[in-house]
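Presented below is the structure to which this report refers.
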There are 2 protein chains.
Amino acid sequence: MQKPSIPKGTRDFSPSEIRRRNFIFDIIKSKFEKFGFSPIETPSMEKLSTLTGKYGSEGDQLLFKVLKRGAKFEKAYSESNTETVKDNDFSDEALRYDLTVPFARYIVQHQNDIVFPFKRYQIQPVWRADRPQKGRYREFYQCDADVVGSESLVSEVELVSLIHEVLNELKLSDHTIMINNRKILASLVEFCNATEFFSEITVIIDKVDKIGTEKVVEELKTNIPNKEVAQLFEEVFAVSENEIISWLENKLQNSQLGQKGIQELSYIVKSCNVLGINNIKINLSLARGLDYYTGSIFEVVLNNNSMGSIVGGGRYDDLTKVFGQNNLSGVGISFGAERIYDLMNDLNFFPDNLSNPSKFMIVDQSESNINGLKLLQFIREKGVNSILYPEDHKLKKQLKYANSMNIAFVIFIKEDFNLNMSVEIKDMDSGNQDTSMLNQIIW
Amino acid sequence: MQKPSIPKGTRDFSPSEIRRRNFIFDIIKSKFEKFGFSPIETPSMEKLSTLTGKYGSEGDQLLFKVLKRGAKFEKAYSESNTETVKDNDFSDEALRYDLTVPFARYIVQHQNDIVFPFKRYQIQPVWRADRPQKGRYREFYQCDADVVGSESLVSEVELVSLIHEVLNELKLSDHTIMINNRKILASLVEFCNATEFFSEITVIIDKVDKIGTEKVVEELKTNIPNKEVAQLFEEVFAVSENEIISWLENKLQNSQLGQKGIQELSYIVKSCNVLGINNIKINLSLARGLDYYTGSIFEVVLNNNSMGSIVGGGRYDDLTKVFGQNNLSGVGISFGAERIYDLMNDLNFFPDNLSNPSKFMIVDQSESNINGLKLLQFIREKGVNSILYPEDHKLKKQLKYANSMNIAFVIFIKEDFNLNMSVEIKDMDSGNQDTSMLNQIIW
């Protein structure tokens, strides 16, 4: 018989892996709560119509769609036409691709029950039929926090503080929070009269971190008909960090949109500095791939590490428009928990004592095990996790098991045991075995 | 535009719902840990071949199957034949239907990394395309704990203790833990030479709680060709509770299997009584629908409540056989967390203070909000959750928001604020507003 296996790109998690993952999730969750965000959850499956068209045609192809069943399947099959058949004909639902679109759907569906500004967080898996590779999985967790229903930049500053606190708590303090503003990018592109190419331009300049500024300028030259664009961004990339704001103010002095973007950017950086957050850095090549961003955008990278961004986010002005609700501005961030997990594994950054081992293992050498069960209950009532070895195996095997479970002490009891008597205790670290009164060990 | 919605049988969970659900999950999880169980997680999707044939033909029809994509879909379609087409032709993977089969697959796949006896717990959603109705959802959580690789009855006693502790902690202490043994049922059926109908008989007698003993006897008469069966079970149902063991010992005196079952049952009940668990009750009509149980079986019901069973479980001797690993006995329980959630909602059993409201809301009446952000940081560093109202709205609107968020105090600050000065504070409960030094309120 063939050994069973799991679908490509998915993972089983062993106890030690789950404890490491929960170490990350618990820290993120407790900070979300500290900053006043409340948890929601949405179904794993959404109606296909909720998801399609929201992630571009490439995203649509990466959706895991749920097959129609029974009569619906038969109807779809019998009505299908070899010339025009599409997989969508056989599906009404799909697994969620991210947490953002389901959140937008949630807001519109429950708008009457929500008090705005609505600060929500959501930690759930998402599914993408991407080609699996190191660090990229078909089922993975997202950890999102968003503030919706307020245009105030206070939210941006709060989200930067939140990122700062989470990463410090994870001991990933050596990071840089990169910030940019889509209004500035839009205004720069407008300056070259190239607004129609905005989307393509952002995709190209977003590659600076991967391929460098020179190649990005090359690509702009090759792909954007309007030649001023490459020239302008070559100039942008040459501006030194502490001159960026004044350079932008000068260059975009006639653009209201540009001035708004500069103001936003300055306010956020200044406020973060006041709060003691100095590792925030303006990066004009940061563009974020997603079309819905309209204001501030963020990405966080570890310094001296090639893993890429571990947190991302930004402001969107009309996320819920596609579901019929206009004028609801929001801003959110998403922790790349899977990447953080891989990174912390590589860096050996997890605490050693994450598992929750039992302190005592009882070996009951009597027939009935009833004394062992009573002692077990007694110890657990003291709040100490313990186990009873359930089988009448050879002692060597039992001690080997205790070792593999990181048990500190093994207690041996016999038929005549009672709670007021002495017992044999083996210290699994030193190997010493002693006779002690129970109440000297457990109190 | 049509208001968006979610697939039939699925649910969105609001913050207060999530906090209630987590109240239940956290208690179950902490008790699992206390009893020495370790967490694992498996992928939401399993290969179709892992799942099909494990839940009977009815179960197979309730699987949510994942549609093939791209070239695989096209190939499946072009090779399909109108006469013989099945939905399975269009799918390689399906969403998990329970946690038991994936766990069996996990054990076999990772057998070389597992130290037996393996005590694992798993709290994850499962999916079934059942007809939705009150209390029955298409996506719902299961909470399972199993001990695999030991035949010792100590595990049964431990699981009963675990159930007892979880339900008491949830304030559901008024419950009965019903226990039976498949060996006894098998031996009774054997006694009537009706072993070939064992599976049908268990399905029928399992209905006693729903339709009563008389109708069950009727059904046995009608459906089981061997007429002794109905007669025997009529006799079984008439035995009074404290005579069950002696009645069985007498009736099944010539059956080794029966004697083994009686011994197991007696040991468990006796041990539980020694541990102070007296609400365990032998119920010979308890049969459990699943074919893989071979020894002890459990079900827990609330007394004076018609909700049905809220915990179930039992021992299985060969769960992993179907994946090629023999002789691995195990025993497990599953908490019906969704039913417990609905029940506790109905009974108003959740604590009032589950939400984690911010204590203070800051209203910064200055332009920049920077003082507000500084104060916010100061308060949060003291470990007190707080928020800053981000917008320059009318005071009335801000106070209404504070009320809806259950904020205890609103702090008003202006342009000239610093941390050593007095501030205006409004007690949202009494409505009183006072001037206080900050360090008198927050220390």
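In the structure tokens, each chain is lettered A, B, ... as it comes, each chain's residues begin at 1, and ligands are numbered from 1 in order of appearance.
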
Neighbour list for segment 412-414 of chain B as a ChimeraX atom specification, cut-off 7 Å, only C-alpha atoms, skip fewer than 5 positions in-chain: /B:362-366,423-425

Any chance you could list, as a ChimeraX atom specification, the residues in segment 134-312 of chain B that come up strand (DSSP E) when DSSP is run on the backbone? /B:139-148,175-181,280-282,293-302,309-312

Can you check which parts of segment 257-367 of chain B lie within 9 Å of segment 238-241 of chain B? Per residue, the shortest pair of atoms and distance in Å to one decimal, counting only C-alpha atoms, sorted by chain and number, as JSON lines.
```
{"residue": "B:Lys281", "atom": "CA", "partner": "B:Glu241", "partner_atom": "CA", "distance": 8.2}
{"residue": "B:Ile282", "atom": "CA", "partner": "B:Glu241", "partner_atom": "CA", "distance": 7.4}
{"residue": "B:Asn283", "atom": "CA", "partner": "B:Glu241", "partner_atom": "CA", "distance": 8.3}
```

Create the file for the chosen residues now, containing N, CA, C and O atoms and written as a compact mmCIF listing (two decimals), in the first residue's frame.
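Contents of the output file out.txt:
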```
# COMPACT_ATOMS: atom_id res chain seq x y z
N LYS B 281 -22.82 6.68 33.55
CA LYS B 281 -23.97 5.79 33.60
C LYS B 281 -23.91 4.81 32.42
O LYS B 281 -23.74 5.24 31.26
N ILE B 282 -24.03 3.54 32.72
CA ILE B 282 -24.03 2.54 31.65
C ILE B 282 -25.34 2.64 30.88
O ILE B 282 -26.42 2.70 31.47
N ASN B 283 -25.25 2.69 29.56
CA ASN B 283 -26.44 2.79 28.72
C ASN B 283 -26.30 1.82 27.55
O ASN B 283 -25.59 2.11 26.59
```

Neighbour list for Val203 of chain B as a PyMOL selection string, cut-off 8 Å, only C-alpha atoms, skip fewer than 3 positions in-chain: chain B and resi 199-200+206-207+287-289

Based on the selection just made, write all heavy atoms of those residues as a compact mmCIF listing (two decimals), in the first residue's frame.
```txt
# COMPACT_ATOMS: atom_id res chain seq x y z
N SER B 199 -24.24 -4.09 12.09
CA SER B 199 -24.21 -2.68 11.76
C SER B 199 -25.62 -2.08 11.74
O SER B 199 -25.87 -1.02 12.33
CB SER B 199 -23.53 -2.52 10.39
OG SER B 199 -23.17 -1.19 10.18
N GLU B 200 -26.58 -2.78 11.10
CA GLU B 200 -27.96 -2.28 11.06
C GLU B 200 -28.57 -2.22 12.47
O GLU B 200 -29.30 -1.29 12.80
CB GLU B 200 -28.86 -3.17 10.20
CG GLU B 200 -28.60 -3.05 8.71
CD GLU B 200 -28.42 -4.42 8.07
OE1 GLU B 200 -27.35 -5.03 8.35
OE2 GLU B 200 -29.33 -4.87 7.35
N ASP B 206 -29.44 2.73 18.45
CA ASP B 206 -28.91 4.06 18.77
C ASP B 206 -30.02 5.12 18.83
O ASP B 206 -29.83 6.21 19.34
CB ASP B 206 -27.87 4.44 17.70
CG ASP B 206 -26.76 5.31 18.29
OD1 ASP B 206 -26.54 5.24 19.51
OD2 ASP B 206 -26.13 6.06 17.53
N LYS B 207 -31.21 4.77 18.30
CA LYS B 207 -32.30 5.75 18.25
C LYS B 207 -33.14 5.80 19.52
O LYS B 207 -34.10 6.58 19.58
CB LYS B 207 -33.24 5.43 17.08
CG LYS B 207 -32.61 5.53 15.70
CD LYS B 207 -33.70 5.34 14.63
CE LYS B 207 -33.14 4.93 13.29
NZ LYS B 207 -34.19 4.41 12.39
N ALA B 287 -24.91 3.21 20.96
CA ALA B 287 -24.23 2.35 19.98
C ALA B 287 -23.22 3.12 19.12
O ALA B 287 -22.25 2.55 18.65
CB ALA B 287 -25.25 1.67 19.08
N ARG B 288 -23.42 4.42 18.92
CA ARG B 288 -22.57 5.27 18.07
C ARG B 288 -22.63 4.79 16.62
O ARG B 288 -22.42 3.63 16.32
CB ARG B 288 -21.10 5.29 18.52
CG ARG B 288 -20.88 5.74 19.94
CD ARG B 288 -20.88 7.24 20.15
NE ARG B 288 -19.83 7.96 19.49
CZ ARG B 288 -19.93 9.27 19.17
NH1 ARG B 288 -21.02 9.94 19.46
NH2 ARG B 288 -18.95 9.90 18.57
N GLY B 289 -22.87 5.70 15.73
CA GLY B 289 -23.06 5.33 14.33
C GLY B 289 -21.82 4.81 13.63
O GLY B 289 -21.93 4.08 12.64
```

Contacts of Ser306 of chain A at 12 Å (only C-alpha atoms; same-chain gap of 4+ positions) as a PDB file with N, CA and C atoms, in the first residue's frame:
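Result went into part.pdb, see below:
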```
ATOM      1  N   HIS A 175      14.776  46.059  12.138  1.00  0.00           N
ATOM      2  CA  HIS A 175      13.985  46.144  10.912  1.00  0.00           C
ATOM      3  C   HIS A 175      13.819  47.597  10.472  1.00  0.00           C
ATOM      4  N   ASP A 209      13.866  46.971  -5.106  1.00  0.00           N
ATOM      5  CA  ASP A 209      14.534  46.145  -4.105  1.00  0.00           C
ATOM      6  C   ASP A 209      15.110  44.864  -4.706  1.00  0.00           C
ATOM      7  N   LYS A 210      14.452  44.368  -5.739  1.00  0.00           N
ATOM      8  CA  LYS A 210      14.914  43.103  -6.337  1.00  0.00           C
ATOM      9  C   LYS A 210      15.968  43.305  -7.410  1.00  0.00           C
ATOM     10  N   VAL A 301      10.995  45.470   6.178  1.00  0.00           N
ATOM     11  CA  VAL A 301      12.008  44.456   5.885  1.00  0.00           C
ATOM     12  C   VAL A 301      12.956  44.345   7.070  1.00  0.00           C
ATOM     13  N   LEU A 302      13.493  43.149   7.258  1.00  0.00           N
ATOM     14  CA  LEU A 302      14.571  42.994   8.231  1.00  0.00           C
ATOM     15  C   LEU A 302      15.845  43.557   7.617  1.00  0.00           C
ATOM     16  N   ILE A 310       8.137  41.542   5.465  1.00  0.00           N
ATOM     17  CA  ILE A 310       7.454  40.686   6.438  1.00  0.00           C
ATOM     18  C   ILE A 310       6.146  41.297   6.940  1.00  0.00           C
ATOM     19  N   ARG A 339       6.159  33.870   6.656  1.00  0.00           N
ATOM     20  CA  ARG A 339       7.527  34.285   6.391  1.00  0.00           C
ATOM     21  C   ARG A 339       8.259  34.540   7.705  1.00  0.00           C
ATOM     22  N   LEU A 343      11.529  32.587   8.942  1.00  0.00           N
ATOM     23  CA  LEU A 343      12.668  33.427   9.315  1.00  0.00           C
ATOM     24  C   LEU A 343      13.137  33.126  10.730  1.00  0.00           C
TER      25      LEU A 343
END
```

Please report, as number ranges by chain, each residue of segment 277-380 of chain A to which DSSP assigns helix (DSSP H, G or I) when run on this structure's backbone. A: 321-323, 337-346, 352-354, 370-380

Within 10 Å of Ser271 of chain A using only C-alpha atoms, minus same-chain residues under 5 positions, as a list in words: Leu153, Val154, Glu156, Val157, Glu158, Ser266, Gly276 and Ile277 of chain A; Ser368, Asn369, Ile370, Asn371, Leu373 and Lys374 of chain B

How would the residues just chosen look if you wrote them out with C-alpha atoms as a PDB file, in the first residue's frame?
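In the end it all went to selection_16.pdb:
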```pdb
ATOM      1  CA  LEU A 153      -3.750  59.780   9.826  1.00  0.00           C
ATOM      2  CA  VAL A 154      -3.806  58.832  13.492  1.00  0.00           C
ATOM      3  CA  GLU A 156      -1.462  55.189  10.125  1.00  0.00           C
ATOM      4  CA  VAL A 157       0.651  56.267  13.102  1.00  0.00           C
ATOM      5  CA  GLU A 158      -1.062  53.696  15.301  1.00  0.00           C
ATOM      6  CA  SER A 266       5.524  64.144   6.713  1.00  0.00           C
ATOM      7  CA  GLY A 276      10.362  57.184  19.553  1.00  0.00           C
ATOM      8  CA  ILE A 277      10.020  55.186  16.345  1.00  0.00           C
TER       9      ILE A 277
ATOM     10  CA  SER B 368      -2.185  67.572  15.246  1.00  0.00           C
ATOM     11  CA  ASN B 369      -3.279  64.740  17.552  1.00  0.00           C
ATOM     12  CA  ILE B 370       0.367  64.306  18.459  1.00  0.00           C
ATOM     13  CA  ASN B 371      -0.305  64.883  22.157  1.00  0.00           C
ATOM     14  CA  LEU B 373      -0.795  59.828  20.428  1.00  0.00           C
ATOM     15  CA  LYS B 374       1.837  60.484  23.109  1.00  0.00           C
TER      16      LYS B 374
END
```

Could you give me, as an NGL selection string, the residues within 10 Å of Leu159 of chain A, counting only C-alpha atoms and dropping anything in the same chain fewer than 3 positions from it? :A and (32 or 35 or 145-147 or 153-156 or 162-165 or 298 or 313-314 or 331-333)

May I have the residues within 12 Å of Ile24 of chain A as JSON, numbers by chain, using only C-alpha atoms and disregarding those fewer than 2 positions away in the same chain? {"A": [17, 18, 19, 20, 21, 22, 26, 27, 28, 29, 30, 31, 123, 141, 142, 143, 166, 167, 168, 169, 170, 171, 172, 335, 336, 337, 338, 339, 340, 341, 342, 343, 344, 345, 349, 350, 351, 354]}

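Closest approach to chain B from the set A:Leu375, A:Ile204, A:Met307, A:Met178 is made by A:Leu375, with distances taken over only C-alpha atoms.
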